[in-house]
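K.L.:
What follows is work.pdb, PDB, C-alpha atoms and all ligand atoms.
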ATOM      1  CA  MET F 465      17.384 -20.333  19.423
ATOM      2  CA  ILE F 466      15.687 -17.336  17.840
ATOM      3  CA  ASN F 467      13.153 -18.012  15.070
ATOM      4  CA  ARG F 468      13.469 -15.399  12.334
ATOM      5  CA  TYR F 469      10.648 -13.946  10.223
ATOM      6  CA  THR F 470      10.265 -10.992   7.868
ATOM      7  CA  VAL F 471       7.578  -9.170   5.906
ATOM      8  CA  ILE F 472       8.318  -8.642   2.217
ATOM      9  CA  GLY F 473       6.669  -5.837   0.242
ATOM     10  CA  GLN F 474       7.150  -2.567  -1.631
ATOM     11  CA  PRO F 475       6.962  -0.086   0.022
ATOM     12  CA  ILE F 476       7.564  -1.697   3.394
ATOM     13  CA  ALA F 477       9.095   0.950   5.683
ATOM     14  CA  HIS F 478       5.814   1.701   7.492
ATOM     15  CA  SER F 479       4.669  -1.865   8.081
ATOM     16  CA  LEU F 480       3.589  -2.486  11.670
ATOM     17  CA  SER F 481       4.016  -6.266  11.329
ATOM     18  CA  PRO F 482       7.417  -6.335  13.105
ATOM     19  CA  VAL F 483       5.927  -4.569  16.125
ATOM     20  CA  VAL F 484       2.916  -6.893  16.219
ATOM     21  CA  HIS F 485       5.001 -10.066  15.969
ATOM     22  CA  GLN F 486       7.553  -8.913  18.555
ATOM     23  CA  LEU F 487       4.647  -8.251  20.927
ATOM     24  CA  PHE F 488       3.260 -11.731  20.179
ATOM     25  CA  GLY F 489       6.708 -13.181  20.905
ATOM     26  CA  ASP F 490       6.818 -11.412  24.273
ATOM     27  CA  LEU F 491       3.271 -12.500  25.138
ATOM     28  CA  THR F 492       3.877 -16.156  24.291
ATOM     29  CA  GLN F 493       7.462 -16.209  25.586
ATOM     30  CA  ARG F 494       8.810 -17.266  22.196
ATOM     31  CA  LYS F 495      12.130 -15.939  20.983
ATOM     32  CA  VAL F 496      11.364 -14.359  17.619
ATOM     33  CA  LYS F 497      13.076 -11.733  15.495
ATOM     34  CA  TYR F 498      10.895 -10.108  12.843
ATOM     35  CA  THR F 499      12.220  -7.653  10.242
ATOM     36  CA  ARG F 500      11.052  -5.765   7.119
ATOM     37  CA  THR F 501      12.374  -6.567   3.632
ATOM     38  CA  GLU F 502      11.895  -4.423   0.532
ATOM     39  CA  ALA F 503      11.685  -6.272  -2.795
ATOM     40  CA  THR F 504      10.941  -5.593  -6.449
ATOM     41  CA  PRO F 505       9.124  -7.956  -8.823
ATOM     42  CA  GLU F 506      12.568  -8.882 -10.178
ATOM     43  CA  THR F 507      14.182  -9.626  -6.798
ATOM     44  CA  PHE F 508      11.179 -11.128  -5.008
ATOM     45  CA  GLU F 509      11.858 -14.814  -5.689
ATOM     46  CA  SER F 510      15.560 -14.697  -4.857
ATOM     47  CA  ILE F 511      14.837 -12.782  -1.659
ATOM     48  CA  VAL F 512      12.408 -15.494  -0.510
ATOM     49  CA  LEU F 513      14.834 -18.299  -1.401
ATOM     50  CA  ASP F 514      17.785 -16.561   0.296
ATOM     51  CA  TRP F 515      15.634 -16.038   3.390
ATOM     52  CA  GLN F 516      14.835 -19.751   3.459
ATOM     53  CA  ARG F 517      18.504 -20.729   2.924
ATOM     54  CA  SER F 518      19.490 -18.535   5.862
ATOM     55  CA  GLY F 519      17.520 -20.871   8.146
ATOM     56  CA  ALA F 520      14.537 -18.569   8.739
ATOM     57  CA  LYS F 521      11.158 -20.116   9.616
ATOM     58  CA  GLY F 522       8.863 -18.036   7.456
ATOM     59  CA  CYS F 523       7.807 -14.706   6.039
ATOM     60  CA  ASN F 524       4.746 -12.594   5.439
ATOM     61  CA  ILE F 525       4.005 -11.230   1.995
ATOM     62  CA  THR F 526       2.298  -7.911   1.455
ATOM     63  CA  ALA F 527       1.386  -5.687  -1.508
ATOM     64  CA  PRO F 528       2.142  -6.016  -4.336
ATOM     65  CA  PHE F 529       3.537  -9.566  -4.119
ATOM     66  CA  LYS F 530       0.694 -11.732  -2.761
ATOM     67  CA  GLU F 531      -0.149 -13.206  -6.160
ATOM     68  CA  LEU F 532       3.491 -13.564  -7.221
ATOM     69  CA  ALA F 533       4.162 -15.447  -3.980
ATOM     70  CA  VAL F 534       1.968 -18.312  -5.218
ATOM     71  CA  THR F 535       4.578 -19.079  -7.878
ATOM     72  CA  VAL F 536       7.414 -19.632  -5.389
ATOM     73  CA  CYS F 537       5.516 -22.039  -3.111
ATOM     74  CA  GLN F 538       5.770 -25.803  -3.568
ATOM     75  CA  ARG F 539       2.661 -26.507  -1.505
ATOM     76  CA  MET F 540      -0.424 -24.419  -0.852
ATOM     77  CA  ALA F 541      -3.017 -24.466   1.901
ATOM     78  CA  PRO F 542      -6.517 -24.787   0.342
ATOM     79  CA  ASN F 543      -7.551 -21.198   1.149
ATOM     80  CA  ALA F 544      -4.445 -19.709  -0.482
ATOM     81  CA  LYS F 545      -4.724 -22.006  -3.473
ATOM     82  CA  ARG F 546      -8.312 -21.048  -4.210
ATOM     83  CA  ALA F 547      -7.597 -17.344  -3.681
ATOM     84  CA  GLY F 548      -4.403 -17.405  -5.740
ATOM     85  CA  SER F 549      -2.947 -15.158  -3.043
ATOM     86  CA  VAL F 550      -0.366 -15.861  -0.329
ATOM     87  CA  ASN F 551       0.284 -13.605   2.663
ATOM     88  CA  THR F 552       2.171 -16.153   4.790
ATOM     89  CA  ILE F 553       4.945 -18.525   3.778
ATOM     90  CA  GLU F 554       5.878 -21.344   6.107
ATOM     91  CA  MET F 555       9.421 -22.596   5.576
ATOM     92  CA  HIS F 556       8.727 -26.212   6.394
ATOM     93  CA  ARG F 557      11.372 -28.428   7.938
ATOM     94  CA  ASP F 558      11.035 -30.808   4.950
ATOM     95  CA  GLY F 559      12.414 -27.990   2.752
ATOM     96  CA  ALA F 560       9.122 -26.946   1.116
ATOM     97  CA  LEU F 561       7.791 -23.415   0.953
ATOM     98  CA  VAL F 562       4.149 -23.707   2.001
ATOM     99  CA  GLY F 563       1.778 -20.864   1.041
ATOM    100  CA  HIS F 564      -1.071 -19.788   3.325
ATOM    101  CA  ASN F 565      -3.506 -16.906   3.326
ATOM    102  CA  THR F 566      -4.559 -15.635   6.751
ATOM    103  CA  ASP F 567      -6.041 -12.303   5.565
ATOM    104  CA  GLY F 568      -9.618 -13.537   5.364
ATOM    105  CA  ALA F 569      -9.540 -15.280   8.732
ATOM    106  CA  GLY F 570      -8.070 -12.084  10.203
ATOM    107  CA  LEU F 571     -10.734  -9.865   8.654
ATOM    108  CA  VAL F 572     -13.610 -12.100   9.748
ATOM    109  CA  ALA F 573     -12.195 -12.434  13.289
ATOM    110  CA  ASP F 574     -11.939  -8.655  13.568
ATOM    111  CA  ILE F 575     -15.465  -8.037  12.281
ATOM    112  CA  VAL F 576     -17.164 -10.842  14.221
ATOM    113  CA  VAL F 577     -15.166 -11.048  17.464
ATOM    114  CA  ASN F 578     -13.792  -7.524  17.957
ATOM    115  CA  LYS F 579     -16.535  -5.465  16.249
ATOM    116  CA  ARG F 580     -19.289  -7.915  17.269
ATOM    117  CA  ARG F 581     -21.006  -7.865  13.880
ATOM    118  CA  VAL F 582     -23.073 -10.819  12.702
ATOM    119  CA  LEU F 583     -22.145 -11.790   9.143
ATOM    120  CA  LYS F 584     -24.648 -14.633   8.914
ATOM    121  CA  ASP F 585     -27.536 -13.522   6.672
ATOM    122  CA  SER F 586     -25.920 -10.107   6.117
ATOM    123  CA  ARG F 587     -25.397  -8.177   2.852
ATOM    124  CA  ILE F 588     -21.704  -7.557   2.211
ATOM    125  CA  LEU F 589     -20.150  -5.272  -0.400
ATOM    126  CA  LEU F 590     -16.473  -5.841  -1.242
ATOM    127  CA  LEU F 591     -14.792  -3.008  -3.143
ATOM    128  CA  GLY F 592     -11.818  -4.050  -5.274
ATOM    129  CA  ALA F 593     -10.767  -7.261  -6.978
ATOM    130  CA  GLY F 594      -6.985  -7.293  -6.522
ATOM    131  CA  GLY F 595      -4.801  -9.380  -4.229
ATOM    132  CA  ALA F 596      -6.341  -7.972  -1.055
ATOM    133  CA  ALA F 597      -9.894  -8.800  -2.165
ATOM    134  CA  ARG F 598      -9.054 -12.302  -3.419
ATOM    135  CA  GLY F 599      -7.769 -13.437  -0.053
ATOM    136  CA  VAL F 600     -10.907 -12.596   1.904
ATOM    137  CA  ILE F 601     -13.763 -13.879  -0.291
ATOM    138  CA  ALA F 602     -13.807 -17.523   0.862
ATOM    139  CA  PRO F 603     -13.796 -16.761   4.620
ATOM    140  CA  LEU F 604     -16.498 -14.095   4.093
ATOM    141  CA  LEU F 605     -18.689 -16.611   2.223
ATOM    142  CA  ASP F 606     -18.007 -19.193   4.943
ATOM    143  CA  ALA F 607     -19.578 -16.754   7.409
ATOM    144  CA  GLY F 608     -22.945 -17.251   5.647
ATOM    145  CA  PRO F 609     -24.020 -13.877   4.160
ATOM    146  CA  THR F 610     -27.130 -13.683   1.958
ATOM    147  CA  MET F 611     -25.130 -11.618  -0.538
ATOM    148  CA  LEU F 612     -21.473 -10.872  -1.198
ATOM    149  CA  HIS F 613     -21.182  -8.367  -4.013
ATOM    150  CA  VAL F 614     -17.754  -7.562  -5.488
ATOM    151  CA  ALA F 615     -17.497  -4.164  -7.213
ATOM    152  CA  ASN F 616     -14.403  -3.135  -9.112
ATOM    153  CA  ARG F 617     -13.251  -0.436 -11.556
ATOM    154  CA  THR F 618     -12.346  -3.184 -14.024
ATOM    155  CA  ASN F 619     -15.585  -5.209 -14.215
ATOM    156  CA  ALA F 620     -13.910  -8.249 -15.734
ATOM    157  CA  LYS F 621     -11.702  -8.768 -12.672
ATOM    158  CA  ALA F 622     -14.735  -8.709 -10.373
ATOM    159  CA  ASP F 623     -16.526 -11.179 -12.684
ATOM    160  CA  THR F 624     -13.527 -13.515 -12.588
ATOM    161  CA  LEU F 625     -13.480 -13.490  -8.790
ATOM    162  CA  ALA F 626     -17.225 -14.106  -8.555
ATOM    163  CA  SER F 627     -17.042 -17.110 -10.861
ATOM    164  CA  LEU F 628     -13.989 -18.462  -9.038
ATOM    165  CA  PHE F 629     -15.934 -18.601  -5.743
ATOM    166  CA  SER F 630     -19.495 -19.161  -7.023
ATOM    167  CA  ASP F 631     -19.701 -22.728  -5.705
ATOM    168  CA  MET F 632     -19.064 -21.465  -2.173
ATOM    169  CA  GLY F 633     -21.982 -19.082  -1.756
ATOM    170  CA  PRO F 634     -24.031 -16.142  -3.085
ATOM    171  CA  VAL F 635     -21.286 -14.062  -4.726
ATOM    172  CA  SER F 636     -22.034 -11.534  -7.482
ATOM    173  CA  ALA F 637     -20.037  -8.849  -9.302
ATOM    174  CA  SER F 638     -20.271  -5.540 -11.162
ATOM    175  CA  GLY F 639     -18.538  -2.264 -11.882
ATOM    176  CA  TYR F 640     -19.172   0.769  -9.632
ATOM    177  CA  GLU F 641     -21.880   2.199 -11.905
ATOM    178  CA  ALA F 642     -24.281  -0.663 -11.074
ATOM    179  CA  LEU F 643     -24.145   0.108  -7.336
ATOM    180  CA  GLY F 644     -26.582   3.021  -7.733
ATOM    181  CA  ASP F 645     -29.491   0.589  -7.956
ATOM    182  CA  MET F 646     -28.604  -1.324  -4.808
ATOM    183  CA  ALA F 647     -30.007  -1.077  -1.277
ATOM    184  CA  ALA F 648     -27.721  -0.258   1.672
ATOM    185  CA  PHE F 649     -25.281  -2.950   2.816
ATOM    186  CA  ASP F 650     -24.676  -4.254   6.343
ATOM    187  CA  VAL F 651     -20.925  -4.389   5.797
ATOM    188  CA  MET F 652     -18.927  -2.546   3.142
ATOM    189  CA  ILE F 653     -15.236  -3.451   2.863
ATOM    190  CA  ASN F 654     -12.718  -1.326   0.997
ATOM    191  CA  ALA F 655     -10.107  -3.682  -0.477
ATOM    192  CA  THR F 656      -8.918  -1.230  -3.138
ATOM    193  CA  SER F 657      -5.547   0.482  -2.874
ATOM    194  CA  LEU F 658      -7.189   3.927  -3.119
ATOM    195  CA  SER F 659      -6.918   4.885   0.569
ATOM    196  CA  LEU F 660      -3.122   4.766   0.316
ATOM    197  CA  ASN F 661      -3.384   7.807  -2.008
ATOM    198  CA  GLY F 662      -6.113   9.541  -0.026
ATOM    199  CA  GLU F 663      -8.684   8.685  -2.697
ATOM    200  CA  MET F 664     -12.182   7.301  -2.605
ATOM    201  CA  PRO F 665     -13.937   4.693  -4.773
ATOM    202  CA  PRO F 666     -16.790   6.293  -6.793
ATOM    203  CA  LEU F 667     -19.713   5.238  -4.595
ATOM    204  CA  PRO F 668     -23.339   6.394  -4.749
ATOM    205  CA  ASN F 669     -24.959   7.767  -1.574
ATOM    206  CA  GLY F 670     -27.547   5.081  -0.855
ATOM    207  CA  LEU F 671     -25.053   2.323  -0.120
ATOM    208  CA  VAL F 672     -24.510   3.088   3.540
ATOM    209  CA  GLY F 673     -26.892   3.725   6.404
ATOM    210  CA  SER F 674     -26.814   3.677  10.200
ATOM    211  CA  GLN F 675     -26.709  -0.148  10.183
ATOM    212  CA  THR F 676     -23.615  -0.244   7.963
ATOM    213  CA  LEU F 677     -20.106  -1.112   9.106
ATOM    214  CA  ALA F 678     -17.709   0.539   6.646
ATOM    215  CA  TYR F 679     -14.416  -1.312   6.962
ATOM    216  CA  ASP F 680     -11.226  -0.075   5.318
ATOM    217  CA  MET F 681      -8.504  -2.711   5.015
ATOM    218  CA  THR F 682      -5.935   0.098   5.112
ATOM    219  CA  TYR F 683      -4.643   1.216   8.502
ATOM    220  CA  ALA F 684      -3.363   4.724   9.056
ATOM    221  CA  LYS F 685      -3.002   7.288  11.803
ATOM    222  CA  GLN F 686      -6.024   9.222  10.593
ATOM    223  CA  ASP F 687      -9.340   8.049   9.248
ATOM    224  CA  THR F 688      -9.192   7.323   5.526
ATOM    225  CA  VAL F 689     -11.370   9.296   3.085
ATOM    226  CA  PHE F 690     -13.517   6.169   2.755
ATOM    227  CA  MET F 691     -14.069   6.093   6.529
ATOM    228  CA  SER F 692     -14.899   9.816   6.745
ATOM    229  CA  TRP F 693     -17.262   9.587   3.771
ATOM    230  CA  SER F 694     -19.056   6.606   5.330
ATOM    231  CA  ARG F 695     -19.248   8.115   8.818
ATOM    232  CA  SER F 696     -20.747  11.343   7.473
ATOM    233  CA  ARG F 697     -23.543   9.161   6.051
ATOM    234  CA  GLY F 698     -24.264   7.515   9.405
ATOM    235  CA  ALA F 699     -22.133   4.373   9.159
ATOM    236  CA  ASP F 700     -20.000   2.825  11.853
ATOM    237  CA  THR F 701     -16.391   2.685  10.616
ATOM    238  CA  SER F 702     -13.249   0.673  11.143
ATOM    239  CA  SER F 703      -9.698   0.809   9.853
ATOM    240  CA  GLY F 704      -7.779  -2.363   9.019
ATOM    241  CA  LEU F 705      -5.731  -2.310  12.235
ATOM    242  CA  GLY F 706      -7.718  -5.187  13.718
ATOM    243  CA  MET F 707      -7.357  -7.208  10.540
ATOM    244  CA  LEU F 708      -3.602  -6.595  10.615
ATOM    245  CA  VAL F 709      -3.389  -7.931  14.164
ATOM    246  CA  GLU F 710      -5.729 -10.888  13.655
ATOM    247  CA  GLN F 711      -4.114 -12.072  10.397
ATOM    248  CA  ALA F 712      -0.728 -11.765  12.118
ATOM    249  CA  ALA F 713      -1.988 -13.963  14.952
ATOM    250  CA  GLU F 714      -3.029 -16.629  12.423
ATOM    251  CA  SER F 715       0.436 -16.462  10.822
ATOM    252  CA  PHE F 716       2.110 -16.688  14.226
ATOM    253  CA  PHE F 717       0.009 -19.767  14.983
ATOM    254  CA  ILE F 718       1.089 -21.431  11.715
ATOM    255  CA  TRP F 719       4.768 -20.769  12.461
ATOM    256  CA  GLU F 720       4.974 -21.123  16.225
ATOM    257  CA  GLY F 721       1.998 -23.392  17.022
ATOM    258  CA  VAL F 722       0.655 -21.031  19.667
ATOM    259  CA  ARG F 723      -2.158 -18.486  19.357
ATOM    260  CA  PRO F 724      -1.355 -15.132  20.976
ATOM    261  CA  LYS F 725      -4.049 -13.218  22.888
ATOM    262  CA  THR F 726      -4.517 -10.391  20.411
ATOM    263  CA  ARG F 727      -6.378  -7.982  22.695
ATOM    264  CA  MET F 728      -3.152  -7.439  24.628
ATOM    265  CA  VAL F 729      -1.392  -5.755  21.683
ATOM    266  CA  TYR F 730      -4.012  -3.116  20.742
ATOM    267  CA  PRO F 731      -3.160  -0.536  23.432
ATOM    268  CA  ARG F 732       0.513  -0.533  22.389
ATOM    269  CA  LEU F 733      -0.340  -0.247  18.683
ATOM    270  CA  ARG F 734      -2.762   2.622  19.255
ATOM    271  CA  GLU F 735      -0.031   4.375  21.212
ATOM    272  CA  LEU F 736       2.408   3.894  18.324
ATOM    273  CA  LEU F 737      -0.113   5.162  15.785
ATOM    274  CA  SER F 738      -1.132   8.231  17.784
TER     275      SER F 738
HETATM  276  P1  LIG H   1      -3.809  -5.167  -3.659
HETATM  277  O1  LIG H   1      -2.820  -6.288  -3.523
HETATM  278  O2  LIG H   1      -3.640  -4.094  -2.626
HETATM  279  O3  LIG H   1      -5.212  -5.651  -3.785
HETATM  280  P2  LIG H   1      -3.874  -4.720  -6.467
HETATM  281  O4  LIG H   1      -3.904  -6.178  -6.715
HETATM  282  O5  LIG H   1      -3.029  -3.851  -7.338
HETATM  283  O6  LIG H   1      -3.406  -4.411  -4.999
HETATM  284  O7  LIG H   1      -5.398  -4.191  -6.501
HETATM  285  C1  LIG H   1      -5.706  -2.837  -6.334
HETATM  286  C2  LIG H   1      -7.228  -2.675  -6.328
HETATM  287  O8  LIG H   1      -7.522  -1.286  -6.189
HETATM  288  C3  LIG H   1      -7.899  -3.145  -7.609
HETATM  289  O9  LIG H   1      -9.183  -3.597  -7.333
HETATM  290  C4  LIG H   1      -7.926  -1.842  -8.416
HETATM  291  O10 LIG H   1      -8.907  -1.802  -9.426
HETATM  292  P3  LIG H   1      -8.594  -2.401 -10.904
HETATM  293  O11 LIG H   1      -8.686  -3.888 -10.768
HETATM  294  O12 LIG H   1      -9.636  -1.821 -11.771
HETATM  295  O13 LIG H   1      -7.194  -1.938 -11.235
HETATM  296  C5  LIG H   1      -8.260  -0.863  -7.339
HETATM  297  N1  LIG H   1      -7.867   0.498  -7.761
HETATM  298  C6  LIG H   1      -6.621   1.000  -7.840
HETATM  299  N2  LIG H   1      -6.652   2.280  -8.286
HETATM  300  C7  LIG H   1      -7.964   2.575  -8.495
HETATM  301  C8  LIG H   1      -8.668   3.751  -8.943
HETATM  302  N3  LIG H   1      -8.024   4.883  -9.278
HETATM  303  N4  LIG H   1     -10.021   3.705  -9.031
HETATM  304  C9  LIG H   1     -10.694   2.582  -8.687
HETATM  305  N5  LIG H   1     -10.082   1.433  -8.261
HETATM  306  C10 LIG H   1      -8.749   1.433  -8.164
END
As structure tokens, please, write out the structure in this file.
P.N.:
Amino acid sequence: MINRYTVIGQPIAHSLSPVVHQLFGDLTQRKVKYTRTEATPETFESIVLDWQRSGAKGCNITAPFKELAVTVCQRMAPNAKRAGSVNTIEMHRDGALVGHNTDGAGLVADIVVNKRRVLKDSRILLLGAGGAARGVIAPLLDAGPTMLHVANRTNAKADTLASLFSDMGPVSASGYEALGDMAAFDVMINATSLSLNGEMPPLPNGLVGSQTLAYDMTYAKQDTVFMSWSRSRGADTSSGLGMLVEQAAESFFIWEGVRPKTRMVYPRLRELLS
């Protein structure tokens, strides 16, 4: 029997998730079929329910539906519940749609295991306060930084996120204008949607130095403007390709009960992106 999965988003044509999951299937000798599904806010819920009725085992949710996905799930894993953001739906055999969020675990695994950065006692700057940012705050705080600062164009959204997670660790918030007074960060993560349009958050110069890892959650063939800007100021940079792979591995584990060896898929993905 083939277990079927899909990724639902808008736009979705360029998602690499099907490639990643097919490679995981091959590596773990599981029969999986993974497709892409385009939705609109109006069709999202019926698409998820139809997918479940068809006997599929699960789906991934990507922009802009991660927050909407919370409303279709009957049960939520603690991390997804706190974040109010779902990137993985498990279609449980008892008939429930169970919401999970594997984005944060994927991001932290990529930074700590693949990029060999120590997050304990580090200073982290998270840019953006939308669905992508929400999902990663708890796992970042779990890693034990001395500071996790959320900066966003709309200050109020950053404030809301900081208060939502304040019992978990040292999380603070501001608009971009307040960043001018801050010392350089060890890790700076771009969770805004700006890179998709080739744009850059309005950042002051002093934020990055040679010790900084500038991490863009977006993955693309070329470096994003955020990555080029950071590199020209001495930072080490990373796209979100590793996060894509690592969060996919967490999803695969939830669905299939087996953890694929992620390092095996990177050469193939780099080939596809080049
Ligand atoms: P996602 O699911 O990708 O996080 P989102 O929830 O729409 O998408 O969030 C997009 C993020 O990019 C937000 O933090 C948004 O800032 P606002 O909360 O102020 O809207 C940020 N963003 C989008 N366009 C931006 C721009 N032109 N300048 C600065 N930030 C921007």
K.L.:
One decimal, in Å: what's the spacing between atom CA of Ala597 of chain F and atom CA of Gly639 of chain F?
P.N.:
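Distance reported for this atom pair: 14.6 Å.
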K.L.:
Convert the output of the PyMOL selection byres (((not hetatm)) within 6 of (chain H and resi 1)) on the shown file into explicit residues, formatted as a ChimeraX atom specification.
P.N.:
/F:527-528,592-597,616-618,656-658,665
K.L.:
Using all atoms listed in the file for the distances, tell me which of F:Leu513, F:Val550, F:Ala637, F:Leu604 is nearest to Asp623 of chain F.
P.N.:
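When distances to Asp623 of chain F are compared using all atoms listed in the file, the smallest one comes from F:Ala637.
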K.L.:
Tell me which of F:Thr676, F:Ser586, F:Asn654, F:Ser694 sits closest to Leu571 of chain F, counting only C-alpha atoms.
P.N.:
F:Asn654
K.L.:
I'd like the interatomic distance between atom CA of Ile476 of chain F and atom CA of Pro666 of chain F, to a tenth of an Å.
P.N.:
27.6 Å
K.L.:
Go through F:Ala699, F:Ile718, F:Cys537, F:Val600 one by one, measure the shortest atom-to-atom distance of each to Ala655 of chain F using all atoms listed in the file, and give the residue with the smallest value.
P.N.:
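Counting all atoms listed in the file, the residue closest to Ala655 of chain F is F:Val600.
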K.L.:
In Å, with one decimal, what is the gap from atom CA of Ile466 of chain F to atom CA of Thr726 of chain F?
P.N.:
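Atom-to-atom, atom CA of Ile466 of chain F to atom CA of Thr726 of chain F, that is 21.5 Å.
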K.L.:
Let me make sure I understand: among F:Gly704, F:Gly568, F:Gly473, F:Gly673, which one has the smallest atom-to-atom distance to Glu509 of chain F if we use all atoms listed in the file?
P.N.:
F:Gly473
K.L.:
Between F:Val536, F:Ala712, F:Leu491, F:Met707, which has the minimum distance to Ser510 of chain F (counting only C-alpha atoms)?
P.N.:
F:Val536
K.L.:
For a cutoff of 6 Å around the file-coordinate point (-8.8, -18.4, 1.1), which residues qualify once you count all atoms listed in the file? I'd like the result as a PyMOL selection string.
P.N.:
chain F and resi 543-544+546-547+565+599+602
K.L.:
Got a sec: who's within 12 Å of Asp631 of chain F, counting only C-alpha atoms, leaving out chain neighbours fewer than 3 positions off, as a ChimeraX atom specification?
P.N.:
/F:546,601-602,605-606,625-628,634-636
K.L.:
Considering only C-alpha atoms, return as a PDB file with C-alpha atoms, in the coordinates of the input whatever protein or nucleic-acid residues lie within 9 Å of Glu641 of chain F, sequence-local ones (same chain, fewer than 3 positions apart) excluded.
P.N.:
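Produced file result.pdb, reproduced below:
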ATOM      1  CA  SER F 638     -20.271  -5.540 -11.162  1.00  0.00           C
ATOM      2  CA  GLY F 644     -26.582   3.021  -7.733  1.00  0.00           C
ATOM      3  CA  ASP F 645     -29.491   0.589  -7.956  1.00  0.00           C
ATOM      4  CA  PRO F 666     -16.790   6.293  -6.793  1.00  0.00           C
ATOM      5  CA  LEU F 667     -19.713   5.238  -4.595  1.00  0.00           C
ATOM      6  CA  PRO F 668     -23.339   6.394  -4.749  1.00  0.00           C
TER       7      PRO F 668
END
K.L.:
Since the input lacks some atoms of segment 658-663 of chain F, please model all heavy atoms and print them as a JSON list (two decimals), in the frame of the given file.
P.N.:
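Wrote out_29.json, looks like this:
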[["chain", "number", "residue", "atom", "x", "y", "z"],
["F", 658, "LEU", "N", -6.96, 2.48, -3.01],
["F", 658, "LEU", "CA", -7.19, 3.93, -3.12],
["F", 658, "LEU", "C", -6.86, 4.72, -1.85],
["F", 658, "LEU", "O", -6.38, 5.84, -1.93],
["F", 658, "LEU", "CB", -8.64, 4.18, -3.53],
["F", 658, "LEU", "CG", -8.93, 3.93, -5.01],
["F", 658, "LEU", "CD1", -10.42, 3.86, -5.25],
["F", 658, "LEU", "CD2", -8.30, 5.00, -5.86],
["F", 659, "SER", "N", -7.13, 4.13, -0.68],
["F", 659, "SER", "CA", -6.92, 4.88, 0.57],
["F", 659, "SER", "C", -5.45, 5.27, 0.75],
["F", 659, "SER", "O", -5.14, 6.28, 1.39],
["F", 659, "SER", "CB", -7.37, 4.07, 1.77],
["F", 659, "SER", "OG", -8.75, 3.86, 1.72],
["F", 660, "LEU", "N", -4.56, 4.47, 0.19],
["F", 660, "LEU", "CA", -3.12, 4.77, 0.32],
["F", 660, "LEU", "C", -2.78, 6.11, -0.34],
["F", 660, "LEU", "O", -1.82, 6.77, 0.04],
["F", 660, "LEU", "CB", -2.29, 3.65, -0.33],
["F", 660, "LEU", "CG", -2.45, 2.26, 0.29],
["F", 660, "LEU", "CD1", -1.77, 1.19, -0.55],
["F", 660, "LEU", "CD2", -1.88, 2.26, 1.72],
["F", 661, "ASN", "N", -3.60, 6.52, -1.33],
["F", 661, "ASN", "CA", -3.38, 7.81, -2.01],
["F", 661, "ASN", "C", -4.39, 8.86, -1.58],
["F", 661, "ASN", "O", -4.54, 9.88, -2.24],
["F", 661, "ASN", "CB", -3.51, 7.63, -3.53],
["F", 661, "ASN", "CG", -2.56, 6.59, -4.05],
["F", 661, "ASN", "OD1", -1.44, 6.48, -3.55],
["F", 661, "ASN", "ND2", -3.00, 5.80, -5.01],
["F", 662, "GLY", "N", -5.11, 8.58, -0.49],
["F", 662, "GLY", "CA", -6.11, 9.54, -0.03],
["F", 662, "GLY", "C", -7.28, 9.68, -0.98],
["F", 662, "GLY", "O", -7.91, 10.73, -1.06],
["F", 663, "GLU", "N", -7.57, 8.61, -1.74],
["F", 663, "GLU", "CA", -8.68, 8.68, -2.70],
["F", 663, "GLU", "C", -9.83, 7.78, -2.27],
["F", 663, "GLU", "O", -9.69, 6.97, -1.37],
["F", 663, "GLU", "CB", -8.19, 8.28, -4.09],
["F", 663, "GLU", "CG", -7.24, 9.28, -4.70],
["F", 663, "GLU", "CD", -6.65, 8.76, -6.00],
["F", 663, "GLU", "OE1", -7.43, 8.41, -6.89],
["F", 663, "GLU", "OE2", -5.41, 8.67, -6.10]]
